[in-house]
Amino acid sequence: MLLHDTALIYGRYLRQSLRSRFALLFGVLTPLLYLLFFGPLLTGLPLGGGGSSWQVLVPGLLLQLGLFGALFSGFMIIIEKGQGVVERMRVTPVSRLALLLGRVLRDTTVFLFQAVLLVLAALVMGLRAPLAGILVGFGFVALLTVALASLSYAVAMKVATPQQFGPLINAVSMPSMLLSGLMLPMSLAPAWLDVLSHFVPFRYLVDAVRDAYIGEYTGAHMLYGVLVAVGFAALSVTAGTRVFRTAGA
């Protein structure tokens with residue numbers, strides 16, 4: 001029943017996304033602009049790691065796509081609460097986990113599609129990376145989206161208005177982006193900032209994907225990245241499901 005219910009919720013929200021093709025493409029616009037206008041500035045610069053500047057920048061942009069997109073996905077459920085949609089769903093026998101997973105898997109599908117577009121554009125601009133590494137990067141985007149979308153929906157179920165939700169998400173997303181090394185490796189930062197960045201879980205995901213893009217799959221960065229990504233996703237889904245079971249619509 002969980003799979004059946006999840007498929008129903010997933011299909012409902014995926015159809016909504018497919019009816020708004022402009023929104024699908026618009027979501028990848030910011031990373032594309034970074035790729036087009038920021039990427040060429042890094043060409044040939046010593047960025048403190050193996051691989052080319054594209055192998056440093058593109059993994060960060062992929063995770064930036066998941067970070068910002070997934071964190072703000074809760075806006076829609078605030079609108080649905082106001083329209084009574086969430087309340088009507090909660091009085092049905094549908095699994096509370098399915099109510100969350102259906103939405104989260106829709107978000108994951110959308111961001112993976114946008115990630116593919118981003119990588120294709122990067123390949124045109126000069127990115128060279130092993131296919132296995134690119135696929136590993138998509139896997140990390142998926143796990144990050146599952147984790148952050150679950151938390152975003154959980155927070156959105158607790159707040160009353162978008163005006164409360166937006167500043168809270170901004171307070172999390174901006175420090176996370178700056179301290180995780182999404183744009184440039186934290187090895188370029190002062191020692192104190194590098195140490196501080198290790199308290200941000202996204203740092204481990206960024207390092208792992210950058211290793212994958214140069215063909216390194218067995219190092220410490222990959223191990224820590226997988227452990228953090230899987231653990232973070234499991235905890236977030238658990239927390240999100242609990243909120244869906246208890247929070248009022």
# chains A, B, ... in the order shown; residues from 1 in each chain; ligands from 1
>>> closest_atom_pairs(of="stretch 14-119 of chain A", to="stretch 214-224 of chain A", cutoff="12 Å", atoms="only C-alpha atoms", output="tab-separated table")
residue	atom	partner	partner_atom	distance
A:Gly49	CA	A:Ile214	CA	9.8
A:Gly50	CA	A:Ile214	CA	7.0
A:Gly51	CA	A:Ile214	CA	5.8
A:Ser52	CA	A:Ile214	CA	8.7
A:Ser53	CA	A:Ile214	CA	11.1
A:Trp54	CA	A:Ile214	CA	10.5
A:Gln55	CA	A:Ile214	CA	7.0
A:Val56	CA	A:Ile214	CA	9.3
A:Val58	CA	A:Ile214	CA	11.8
A:Pro59	CA	A:Ile214	CA	10.8
>>> write_last_selection(atoms="all heavy atoms", output="PDB file, in the first residue's frame")
ATOM      1  N   GLY A  49      43.185  21.508  -6.307  1.00  0.00           N
ATOM      2  CA  GLY A  49      42.687  20.140  -6.386  1.00  0.00           C
ATOM      3  C   GLY A  49      42.974  19.551  -7.740  1.00  0.00           C
ATOM      4  O   GLY A  49      43.463  20.221  -8.649  1.00  0.00           O
ATOM      5  N   GLY A  50      42.701  18.256  -7.873  1.00  0.00           N
ATOM      6  CA  GLY A  50      42.913  17.616  -9.158  1.00  0.00           C
ATOM      7  C   GLY A  50      41.835  18.000 -10.146  1.00  0.00           C
ATOM      8  O   GLY A  50      40.746  18.419  -9.786  1.00  0.00           O
ATOM      9  N   GLY A  51      42.142  17.851 -11.410  1.00  0.00           N
ATOM     10  CA  GLY A  51      41.158  18.120 -12.441  1.00  0.00           C
ATOM     11  C   GLY A  51      41.134  19.567 -12.881  1.00  0.00           C
ATOM     12  O   GLY A  51      41.822  20.430 -12.333  1.00  0.00           O
ATOM     13  N   SER A  52      40.316  19.821 -13.880  1.00  0.00           N
ATOM     14  CA  SER A  52      40.201  21.157 -14.452  1.00  0.00           C
ATOM     15  C   SER A  52      39.263  22.019 -13.624  1.00  0.00           C
ATOM     16  O   SER A  52      38.595  21.553 -12.695  1.00  0.00           O
ATOM     17  CB  SER A  52      39.671  21.054 -15.882  1.00  0.00           C
ATOM     18  OG  SER A  52      38.312  20.613 -15.868  1.00  0.00           O
ATOM     19  N   SER A  53      39.195  23.291 -13.994  1.00  0.00           N
ATOM     20  CA  SER A  53      38.286  24.195 -13.294  1.00  0.00           C
ATOM     21  C   SER A  53      36.834  23.768 -13.468  1.00  0.00           C
ATOM     22  O   SER A  53      36.017  23.961 -12.561  1.00  0.00           O
ATOM     23  CB  SER A  53      38.475  25.630 -13.812  1.00  0.00           C
ATOM     24  OG  SER A  53      38.212  25.698 -15.208  1.00  0.00           O
ATOM     25  N   TRP A  54      36.492  23.172 -14.619  1.00  0.00           N
ATOM     26  CA  TRP A  54      35.118  22.704 -14.831  1.00  0.00           C
ATOM     27  C   TRP A  54      34.797  21.542 -13.895  1.00  0.00           C
ATOM     28  O   TRP A  54      33.658  21.404 -13.431  1.00  0.00           O
ATOM     29  CB  TRP A  54      34.919  22.276 -16.285  1.00  0.00           C
ATOM     30  CG  TRP A  54      35.070  23.398 -17.248  1.00  0.00           C
ATOM     31  CD1 TRP A  54      36.088  23.590 -18.138  1.00  0.00           C
ATOM     32  CD2 TRP A  54      34.198  24.519 -17.426  1.00  0.00           C
ATOM     33  NE1 TRP A  54      35.906  24.746 -18.854  1.00  0.00           N
ATOM     34  CE2 TRP A  54      34.746  25.342 -18.438  1.00  0.00           C
ATOM     35  CE3 TRP A  54      33.005  24.913 -16.825  1.00  0.00           C
ATOM     36  CZ2 TRP A  54      34.142  26.516 -18.857  1.00  0.00           C
ATOM     37  CZ3 TRP A  54      32.397  26.092 -17.246  1.00  0.00           C
ATOM     38  CH2 TRP A  54      32.968  26.871 -18.246  1.00  0.00           C
ATOM     39  N   GLN A  55      35.786  20.697 -13.610  1.00  0.00           N
ATOM     40  CA  GLN A  55      35.570  19.576 -12.696  1.00  0.00           C
ATOM     41  C   GLN A  55      35.449  20.038 -11.241  1.00  0.00           C
ATOM     42  O   GLN A  55      35.036  19.270 -10.390  1.00  0.00           O
ATOM     43  CB  GLN A  55      36.711  18.560 -12.841  1.00  0.00           C
ATOM     44  CG  GLN A  55      36.665  17.811 -14.166  1.00  0.00           C
ATOM     45  CD  GLN A  55      37.933  17.011 -14.411  1.00  0.00           C
ATOM     46  OE1 GLN A  55      39.038  17.540 -14.314  1.00  0.00           O
ATOM     47  NE2 GLN A  55      37.773  15.743 -14.728  1.00  0.00           N
ATOM     48  N   VAL A  56      35.824  21.263 -10.979  1.00  0.00           N
ATOM     49  CA  VAL A  56      35.624  21.859  -9.658  1.00  0.00           C
ATOM     50  C   VAL A  56      34.285  22.586  -9.595  1.00  0.00           C
ATOM     51  O   VAL A  56      33.524  22.442  -8.628  1.00  0.00           O
ATOM     52  CB  VAL A  56      36.775  22.836  -9.326  1.00  0.00           C
ATOM     53  CG1 VAL A  56      36.468  23.619  -8.048  1.00  0.00           C
ATOM     54  CG2 VAL A  56      38.086  22.084  -9.181  1.00  0.00           C
ATOM     55  N   VAL A  58      31.440  22.506 -11.764  1.00  0.00           N
ATOM     56  CA  VAL A  58      30.183  21.827 -12.106  1.00  0.00           C
ATOM     57  C   VAL A  58      29.624  21.009 -10.936  1.00  0.00           C
ATOM     58  O   VAL A  58      28.417  21.074 -10.669  1.00  0.00           O
ATOM     59  CB  VAL A  58      30.358  20.971 -13.377  1.00  0.00           C
ATOM     60  CG1 VAL A  58      29.099  20.148 -13.649  1.00  0.00           C
ATOM     61  CG2 VAL A  58      30.674  21.868 -14.571  1.00  0.00           C
ATOM     62  N   PRO A  59      30.435  20.219 -10.203  1.00  0.00           N
ATOM     63  CA  PRO A  59      29.863  19.527  -9.041  1.00  0.00           C
ATOM     64  C   PRO A  59      29.222  20.484  -8.032  1.00  0.00           C
ATOM     65  O   PRO A  59      28.158  20.179  -7.469  1.00  0.00           O
ATOM     66  CB  PRO A  59      31.074  18.805  -8.437  1.00  0.00           C
ATOM     67  CG  PRO A  59      31.981  18.574  -9.595  1.00  0.00           C
ATOM     68  CD  PRO A  59      31.826  19.796 -10.439  1.00  0.00           C
TER      69      PRO A  59
END
>>> residues_around(residues="A:Arg96", least_positions_apart="3", cutoff="10 Å", atoms="only C-alpha atoms", output="PyMOL selection string")
chain A and resi 2+5-6+89-90+92-93+99-101+240-246
>>> closest_atom_pairs(of="stretch 82-201 of chain A", to="stretch 28-45 of chain A", cutoff="10 Å", atoms="only C-alpha atoms", output="JSON lines")
{"residue": "A:Phe111", "atom": "CA", "partner": "A:Val28", "partner_atom": "CA", "distance": 8.4}
{"residue": "A:Phe113", "atom": "CA", "partner": "A:Val28", "partner_atom": "CA", "distance": 9.4}
{"residue": "A:Gln114", "atom": "CA", "partner": "A:Val28", "partner_atom": "CA", "distance": 5.7}
{"residue": "A:Ala115", "atom": "CA", "partner": "A:Val28", "partner_atom": "CA", "distance": 7.7}
{"residue": "A:Val116", "atom": "CA", "partner": "A:Val28", "partner_atom": "CA", "distance": 9.9}
{"residue": "A:Leu117", "atom": "CA", "partner": "A:Val28", "partner_atom": "CA", "distance": 7.9}
{"residue": "A:Leu118", "atom": "CA", "partner": "A:Leu32", "partner_atom": "CA", "distance": 6.5}
{"residue": "A:Val119", "atom": "CA", "partner": "A:Leu32", "partner_atom": "CA", "distance": 9.6}
{"residue": "A:Ala121", "atom": "CA", "partner": "A:Leu32", "partner_atom": "CA", "distance": 7.8}
{"residue": "A:Ala122", "atom": "CA", "partner": "A:Leu35", "partner_atom": "CA", "distance": 7.1}
{"residue": "A:Met125", "atom": "CA", "partner": "A:Leu36", "partner_atom": "CA", "distance": 8.1}
{"residue": "A:Gly126", "atom": "CA", "partner": "A:Pro40", "partner_atom": "CA", "distance": 9.7}
{"residue": "A:Met183", "atom": "CA", "partner": "A:Tyr34", "partner_atom": "CA", "distance": 9.2}
{"residue": "A:Leu184", "atom": "CA", "partner": "A:Leu42", "partner_atom": "CA", "distance": 9.5}
>>> write_last_selection(atoms="N, CA and C atoms", output="compact mmCIF listing (two decimals), in the first residue's frame")
# COMPACT_ATOMS: atom_id res chain seq x y z
N PHE A 111 14.60 17.85 -10.27
CA PHE A 111 15.97 18.36 -10.13
C PHE A 111 16.98 17.49 -10.84
N PHE A 113 16.31 16.01 -13.69
CA PHE A 113 16.16 16.47 -15.08
C PHE A 113 16.94 17.76 -15.31
N GLN A 114 16.83 18.69 -14.37
CA GLN A 114 17.57 19.94 -14.50
C GLN A 114 19.07 19.71 -14.39
N ALA A 115 19.49 18.75 -13.56
CA ALA A 115 20.92 18.43 -13.43
C ALA A 115 21.47 17.88 -14.73
N VAL A 116 20.68 17.07 -15.43
CA VAL A 116 21.12 16.54 -16.72
C VAL A 116 21.32 17.69 -17.71
N LEU A 117 20.40 18.63 -17.74
CA LEU A 117 20.54 19.78 -18.63
C LEU A 117 21.80 20.58 -18.31
N LEU A 118 22.08 20.74 -17.02
CA LEU A 118 23.25 21.50 -16.60
C LEU A 118 24.54 20.80 -17.03
N VAL A 119 24.60 19.50 -16.85
CA VAL A 119 25.81 18.76 -17.24
C VAL A 119 25.99 18.78 -18.75
N ALA A 121 25.10 21.15 -20.78
CA ALA A 121 25.63 22.48 -21.10
C ALA A 121 27.10 22.57 -20.72
N ALA A 122 27.48 21.99 -19.59
CA ALA A 122 28.87 22.02 -19.15
C ALA A 122 29.78 21.24 -20.11
N MET A 125 30.63 23.34 -22.93
CA MET A 125 31.57 24.41 -22.60
C MET A 125 32.98 23.92 -22.29
N GLY A 126 33.15 22.61 -22.14
CA GLY A 126 34.51 22.11 -21.94
C GLY A 126 34.69 21.12 -20.81
N MET A 183 31.06 26.94 -4.68
CA MET A 183 31.62 27.67 -5.82
C MET A 183 33.11 27.41 -5.99
N LEU A 184 33.85 27.42 -4.89
CA LEU A 184 35.29 27.20 -4.91
C LEU A 184 35.66 26.27 -3.77
>>> residues_around(residues="A:Thr109", least_positions_apart="3", cutoff="10 Å", atoms="only C-alpha atoms", output="ChimeraX atom specification")
/A:10,14,104-106,112-115,142,145
>>> write_last_selection(atoms="N, CA, C and O atoms", output="CSV table (one decimal), in the first residue's frame")
chain,number,residue,atom,x,y,z
A,10,TYR,N,2.9,10.8,-6.1
A,10,TYR,CA,4.0,11.2,-7.1
A,10,TYR,C,3.4,11.6,-8.4
A,10,TYR,O,3.7,12.6,-9.0
A,14,LEU,N,3.7,15.1,-10.2
A,14,LEU,CA,4.5,15.2,-11.4
A,14,LEU,C,3.7,15.7,-12.6
A,14,LEU,O,4.2,16.5,-13.4
A,104,VAL,N,8.3,14.4,-2.4
A,104,VAL,CA,9.8,14.4,-2.4
A,104,VAL,C,10.3,13.8,-3.7
A,104,VAL,O,11.3,14.3,-4.3
A,105,LEU,N,9.7,12.7,-4.1
A,105,LEU,CA,10.2,12.0,-5.3
A,105,LEU,C,9.9,12.8,-6.6
A,105,LEU,O,10.7,12.8,-7.5
A,106,ARG,N,8.8,13.6,-6.6
A,106,ARG,CA,8.5,14.5,-7.7
A,106,ARG,C,9.6,15.5,-7.8
A,106,ARG,O,10.2,15.8,-8.8
A,112,LEU,N,16.7,16.2,-11.0
A,112,LEU,CA,17.6,15.3,-11.7
A,112,LEU,C,17.5,15.7,-13.2
A,112,LEU,O,18.5,15.7,-13.9
A,113,PHE,N,16.3,16.0,-13.7
A,113,PHE,CA,16.2,16.5,-15.1
A,113,PHE,C,16.9,17.8,-15.3
A,113,PHE,O,17.7,17.9,-16.3
A,114,GLN,N,16.8,18.7,-14.4
A,114,GLN,CA,17.6,19.9,-14.5
A,114,GLN,C,19.1,19.7,-14.4
A,114,GLN,O,19.9,20.4,-15.1
A,115,ALA,N,19.5,18.7,-13.6
A,115,ALA,CA,20.9,18.4,-13.4
A,115,ALA,C,21.5,17.9,-14.7
A,115,ALA,O,22.6,18.2,-15.1
A,142,ALA,N,20.3,13.5,-6.0
A,142,ALA,CA,19.0,12.9,-5.6
A,142,ALA,C,18.9,12.8,-4.1
A,142,ALA,O,17.9,13.1,-3.5
A,145,THR,N,18.4,16.1,-2.5
A,145,THR,CA,17.0,16.6,-2.7
A,145,THR,C,16.1,15.9,-1.8
A,145,THR,O,15.2,16.6,-1.2
>>> closest_atom_pairs(of="stretch 15-80 of chain A", to="stretch 160-170 of chain A", cutoff="8 Å", atoms="only C-alpha atoms", output="CSV")
residue,atom,partner,partner_atom,distance
A:Leu71,CA,A:Ile169,CA,6.7
A:Phe72,CA,A:Ile169,CA,7.0
A:Phe75,CA,A:Pro162,CA,6.5
A:Ile78,CA,A:Thr161,CA,6.7
>>> write_last_selection(atoms="N, CA, C and O atoms", output="mmCIF file, in the first residue's frame")
data_model
loop_
_atom_site.group_PDB
_atom_site.id
_atom_site.type_symbol
_atom_site.label_atom_id
_atom_site.label_comp_id
_atom_site.auth_asym_id
_atom_site.auth_seq_id
_atom_site.Cartn_x
_atom_site.Cartn_y
_atom_site.Cartn_z
ATOM 1 N N LEU A 71 15.207 23.207 -0.831
ATOM 2 C CA LEU A 71 14.881 23.951 0.381
ATOM 3 C C LEU A 71 13.628 24.808 0.211
ATOM 4 O O LEU A 71 12.867 24.996 1.160
ATOM 5 N N PHE A 72 13.411 25.309 -0.980
ATOM 6 C CA PHE A 72 12.260 26.187 -1.198
ATOM 7 C C PHE A 72 11.028 25.438 -1.704
ATOM 8 O O PHE A 72 10.008 26.055 -1.989
ATOM 9 N N PHE A 75 7.247 25.892 -0.212
ATOM 10 C CA PHE A 75 6.311 26.981 -0.499
ATOM 11 C C PHE A 75 4.976 26.444 -1.002
ATOM 12 O O PHE A 75 3.906 26.958 -0.651
ATOM 13 N N ILE A 78 2.499 25.263 1.634
ATOM 14 C CA ILE A 78 1.862 26.356 2.383
ATOM 15 C C ILE A 78 0.627 26.838 1.632
ATOM 16 O O ILE A 78 -0.431 27.088 2.224
#
>>> closest_residue(among="A:Gly102, A:Val195, A:Leu144, A:Ala239", to="A:Arg15", atoms="only C-alpha atoms")
A:Gly102
>>> closest_residue(among="A:Val200, A:Met157, A:Ala191, A:Leu120", to="A:Ala229", atoms="only C-alpha atoms")
A:Val200
>>> atom_distance(atom1="atom CA of A:Phe26", atom2="atom CA of A:Pro175")
23.6 Å
>>> select_by_dssp(residues="stretch 159-244 of chain A", states="alpha helix (DSSP H)", output="mmCIF file with N, CA and C atoms, in the first residue's frame")
data_model
loop_
_atom_site.group_PDB
_atom_site.id
_atom_site.type_symbol
_atom_site.label_atom_id
_atom_site.label_comp_id
_atom_site.auth_asym_id
_atom_site.auth_seq_id
_atom_site.Cartn_x
_atom_site.Cartn_y
_atom_site.Cartn_z
ATOM 1 N N PRO A 162 3.911 32.191 3.859
ATOM 2 C CA PRO A 162 5.185 32.242 3.135
ATOM 3 C C PRO A 162 6.142 33.283 3.699
ATOM 4 N N GLN A 163 5.599 34.345 4.309
ATOM 5 C CA GLN A 163 6.451 35.390 4.884
ATOM 6 C C GLN A 163 7.272 34.862 6.058
ATOM 7 N N GLN A 164 6.772 33.857 6.735
ATOM 8 C CA GLN A 164 7.541 33.217 7.804
ATOM 9 C C GLN A 164 8.532 32.201 7.240
ATOM 10 N N PHE A 165 8.124 31.525 6.191
ATOM 11 C CA PHE A 165 8.930 30.441 5.629
ATOM 12 C C PHE A 165 10.171 30.961 4.910
ATOM 13 N N GLY A 166 10.005 31.998 4.067
ATOM 14 C CA GLY A 166 11.102 32.497 3.241
ATOM 15 C C GLY A 166 12.334 32.921 4.019
ATOM 16 N N PRO A 167 12.204 33.821 5.001
ATOM 17 C CA PRO A 167 13.395 34.244 5.758
ATOM 18 C C PRO A 167 14.076 33.096 6.490
ATOM 19 N N LEU A 168 13.284 32.146 6.983
ATOM 20 C CA LEU A 168 13.872 31.007 7.683
ATOM 21 C C LEU A 168 14.737 30.173 6.748
ATOM 22 N N ILE A 169 14.241 29.919 5.546
ATOM 23 C CA ILE A 169 14.997 29.127 4.581
ATOM 24 C C ILE A 169 16.236 29.892 4.110
ATOM 25 N N ASN A 170 16.096 31.192 3.904
ATOM 26 C CA ASN A 170 17.261 31.995 3.513
ATOM 27 C C ASN A 170 18.350 31.964 4.577
ATOM 28 N N ALA A 171 17.939 31.948 5.832
ATOM 29 C CA ALA A 171 18.907 31.922 6.929
ATOM 30 C C ALA A 171 19.706 30.627 6.950
ATOM 31 N N VAL A 172 19.154 29.566 6.361
ATOM 32 C CA VAL A 172 19.855 28.283 6.289
ATOM 33 C C VAL A 172 20.640 28.153 4.991
ATOM 34 N N SER A 173 20.031 28.563 3.880
ATOM 35 C CA SER A 173 20.615 28.281 2.560
ATOM 36 C C SER A 173 21.874 29.097 2.284
ATOM 37 N N MET A 174 21.875 30.378 2.627
ATOM 38 C CA MET A 174 23.032 31.201 2.289
ATOM 39 C C MET A 174 24.296 30.793 3.045
ATOM 40 N N PRO A 175 24.263 30.626 4.382
ATOM 41 C CA PRO A 175 25.474 30.144 5.058
ATOM 42 C C PRO A 175 25.907 28.774 4.572
ATOM 43 N N SER A 176 24.944 27.923 4.251
ATOM 44 C CA SER A 176 25.286 26.586 3.757
ATOM 45 C C SER A 176 26.037 26.662 2.441
ATOM 46 N N MET A 177 25.590 27.538 1.540
ATOM 47 C CA MET A 177 26.265 27.690 0.263
ATOM 48 C C MET A 177 27.678 28.234 0.452
ATOM 49 N N LEU A 178 27.817 29.240 1.310
ATOM 50 C CA LEU A 178 29.118 29.892 1.463
ATOM 51 C C LEU A 178 30.127 29.009 2.182
ATOM 52 N N LEU A 179 29.659 28.185 3.127
ATOM 53 C CA LEU A 179 30.575 27.392 3.940
ATOM 54 C C LEU A 179 30.818 25.984 3.395
ATOM 55 N N SER A 180 30.060 25.566 2.401
ATOM 56 C CA SER A 180 30.238 24.206 1.880
ATOM 57 C C SER A 180 31.219 24.130 0.724
ATOM 58 N N ALA A 191 42.587 28.951 7.188
ATOM 59 C CA ALA A 191 42.488 27.725 7.976
ATOM 60 C C ALA A 191 41.250 27.706 8.862
ATOM 61 N N TRP A 192 40.928 28.841 9.506
ATOM 62 C CA TRP A 192 39.772 28.864 10.415
ATOM 63 C C TRP A 192 38.461 28.641 9.671
ATOM 64 N N LEU A 193 38.384 29.167 8.427
ATOM 65 C CA LEU A 193 37.166 29.000 7.645
ATOM 66 C C LEU A 193 37.048 27.566 7.126
ATOM 67 N N ASP A 194 38.183 26.981 6.766
ATOM 68 C CA ASP A 194 38.188 25.588 6.332
ATOM 69 C C ASP A 194 37.717 24.678 7.455
ATOM 70 N N VAL A 195 38.192 24.926 8.675
ATOM 71 C CA VAL A 195 37.770 24.122 9.829
ATOM 72 C C VAL A 195 36.276 24.293 10.072
ATOM 73 N N LEU A 196 35.790 25.528 10.017
ATOM 74 C CA LEU A 196 34.369 25.795 10.240
ATOM 75 C C LEU A 196 33.498 25.087 9.219
ATOM 76 N N SER A 197 33.977 24.993 7.979
ATOM 77 C CA SER A 197 33.175 24.378 6.916
ATOM 78 C C SER A 197 32.926 22.896 7.159
ATOM 79 N N PHE A 202 26.990 19.658 3.874
ATOM 80 C CA PHE A 202 27.083 19.732 2.420
ATOM 81 C C PHE A 202 28.537 19.747 1.945
ATOM 82 N N ARG A 203 29.454 20.159 2.795
ATOM 83 C CA ARG A 203 30.875 20.166 2.437
ATOM 84 C C ARG A 203 31.333 18.772 2.010
ATOM 85 N N TYR A 204 30.860 17.740 2.709
ATOM 86 C CA TYR A 204 31.294 16.378 2.423
ATOM 87 C C TYR A 204 30.730 15.879 1.094
ATOM 88 N N LEU A 205 29.525 16.320 0.761
ATOM 89 C CA LEU A 205 28.934 15.940 -0.514
ATOM 90 C C LEU A 205 29.677 16.591 -1.667
ATOM 91 N N VAL A 206 30.023 17.874 -1.509
ATOM 92 C CA VAL A 206 30.743 18.586 -2.559
ATOM 93 C C VAL A 206 32.099 17.934 -2.825
ATOM 94 N N ASP A 207 32.828 17.627 -1.758
ATOM 95 C CA ASP A 207 34.140 17.000 -1.921
ATOM 96 C C ASP A 207 34.018 15.645 -2.612
ATOM 97 N N ALA A 208 32.975 14.878 -2.269
ATOM 98 C CA ALA A 208 32.795 13.557 -2.862
ATOM 99 C C ALA A 208 32.502 13.645 -4.356
ATOM 100 N N VAL A 209 31.634 14.574 -4.744
ATOM 101 C CA VAL A 209 31.294 14.695 -6.166
ATOM 102 C C VAL A 209 32.493 15.203 -6.958
ATOM 103 N N ARG A 210 33.260 16.093 -6.395
ATOM 104 C CA ARG A 210 34.459 16.561 -7.098
ATOM 105 C C ARG A 210 35.460 15.431 -7.299
ATOM 106 N N ASP A 211 35.590 14.562 -6.307
ATOM 107 C CA ASP A 211 36.445 13.387 -6.484
ATOM 108 C C ASP A 211 35.911 12.494 -7.602
ATOM 109 N N ALA A 212 34.598 12.292 -7.625
ATOM 110 C CA ALA A 212 33.999 11.444 -8.659
ATOM 111 C C ALA A 212 34.245 12.005 -10.049
ATOM 112 N N TYR A 213 34.246 13.323 -10.185
ATOM 113 C CA TYR A 213 34.431 13.942 -11.497
ATOM 114 C C TYR A 213 35.864 13.829 -12.005
ATOM 115 N N ALA A 220 38.684 8.862 1.016
ATOM 116 C CA ALA A 220 37.963 9.257 2.223
ATOM 117 C C ALA A 220 36.825 10.223 1.912
ATOM 118 N N HIS A 221 37.033 11.117 0.945
ATOM 119 C CA HIS A 221 35.976 12.064 0.597
ATOM 120 C C HIS A 221 34.713 11.334 0.147
ATOM 121 N N MET A 222 34.870 10.298 -0.663
ATOM 122 C CA MET A 222 33.708 9.557 -1.150
ATOM 123 C C MET A 222 33.025 8.821 -0.008
ATOM 124 N N LEU A 223 33.806 8.212 0.866
ATOM 125 C CA LEU A 223 33.222 7.482 1.992
ATOM 126 C C LEU A 223 32.423 8.424 2.894
ATOM 127 N N TYR A 224 33.034 9.533 3.272
ATOM 128 C CA TYR A 224 32.337 10.483 4.141
ATOM 129 C C TYR A 224 31.108 11.066 3.435
ATOM 130 N N GLY A 225 31.242 11.342 2.137
ATOM 131 C CA GLY A 225 30.122 11.906 1.397
ATOM 132 C C GLY A 225 28.931 10.974 1.361
ATOM 133 N N VAL A 226 29.174 9.693 1.107
ATOM 134 C CA VAL A 226 28.081 8.716 1.053
ATOM 135 C C VAL A 226 27.431 8.569 2.427
ATOM 136 N N LEU A 227 28.245 8.456 3.464
ATOM 137 C CA LEU A 227 27.696 8.288 4.811
ATOM 138 C C LEU A 227 26.847 9.486 5.217
ATOM 139 N N VAL A 228 27.353 10.684 4.949
ATOM 140 C CA VAL A 228 26.606 11.887 5.325
ATOM 141 C C VAL A 228 25.330 12.002 4.505
ATOM 142 N N ALA A 229 25.406 11.749 3.200
ATOM 143 C CA ALA A 229 24.233 11.894 2.339
ATOM 144 C C ALA A 229 23.140 10.901 2.706
ATOM 145 N N VAL A 230 23.501 9.635 2.886
ATOM 146 C CA VAL A 230 22.507 8.615 3.219
ATOM 147 C C VAL A 230 21.933 8.863 4.618
ATOM 148 N N GLY A 231 22.797 9.164 5.581
ATOM 149 C CA GLY A 231 22.320 9.424 6.935
ATOM 150 C C GLY A 231 21.423 10.644 7.007
ATOM 151 N N PHE A 232 21.812 11.701 6.319
ATOM 152 C CA PHE A 232 21.031 12.937 6.316
ATOM 153 C C PHE A 232 19.666 12.705 5.682
ATOM 154 N N ALA A 233 19.627 11.950 4.576
ATOM 155 C CA ALA A 233 18.359 11.664 3.908
ATOM 156 C C ALA A 233 17.451 10.831 4.804
ATOM 157 N N ALA A 234 18.010 9.811 5.472
ATOM 158 C CA ALA A 234 17.192 8.960 6.338
ATOM 159 C C ALA A 234 16.613 9.752 7.507
ATOM 160 N N LEU A 235 17.425 10.576 8.144
ATOM 161 C CA LEU A 235 16.940 11.377 9.271
ATOM 162 C C LEU A 235 15.882 12.388 8.832
ATOM 163 N N SER A 236 16.097 12.985 7.672
ATOM 164 C CA SER A 236 15.160 14.008 7.195
ATOM 165 C C SER A 236 13.812 13.402 6.840
ATOM 166 N N VAL A 237 13.812 12.253 6.173
ATOM 167 C CA VAL A 237 12.544 11.595 5.829
ATOM 168 C C VAL A 237 11.812 11.174 7.091
ATOM 169 N N THR A 238 12.545 10.667 8.079
ATOM 170 C CA THR A 238 11.933 10.285 9.350
ATOM 171 C C THR A 238 11.293 11.490 10.033
ATOM 172 N N ALA A 239 12.026 12.601 10.090
ATOM 173 C CA ALA A 239 11.489 13.809 10.722
ATOM 174 C C ALA A 239 10.290 14.342 9.947
ATOM 175 N N GLY A 240 10.386 14.355 8.616
ATOM 176 C CA GLY A 240 9.281 14.847 7.813
ATOM 177 C C GLY A 240 8.027 14.010 7.963
ATOM 178 N N THR A 241 8.179 12.688 8.010
ATOM 179 C CA THR A 241 7.023 11.806 8.185
ATOM 180 C C THR A 241 6.354 12.046 9.527
ATOM 181 N N ARG A 242 7.154 12.240 10.563
ATOM 182 C CA ARG A 242 6.597 12.504 11.898
ATOM 183 C C ARG A 242 5.775 13.788 11.908
ATOM 184 N N VAL A 243 6.261 14.807 11.220
ATOM 185 C CA VAL A 243 5.521 16.066 11.168
ATOM 186 C C VAL A 243 4.207 15.864 10.409
ATOM 187 N N PHE A 244 4.245 15.119 9.300
ATOM 188 C CA PHE A 244 3.032 14.895 8.523
ATOM 189 C C PHE A 244 1.985 14.115 9.337
#
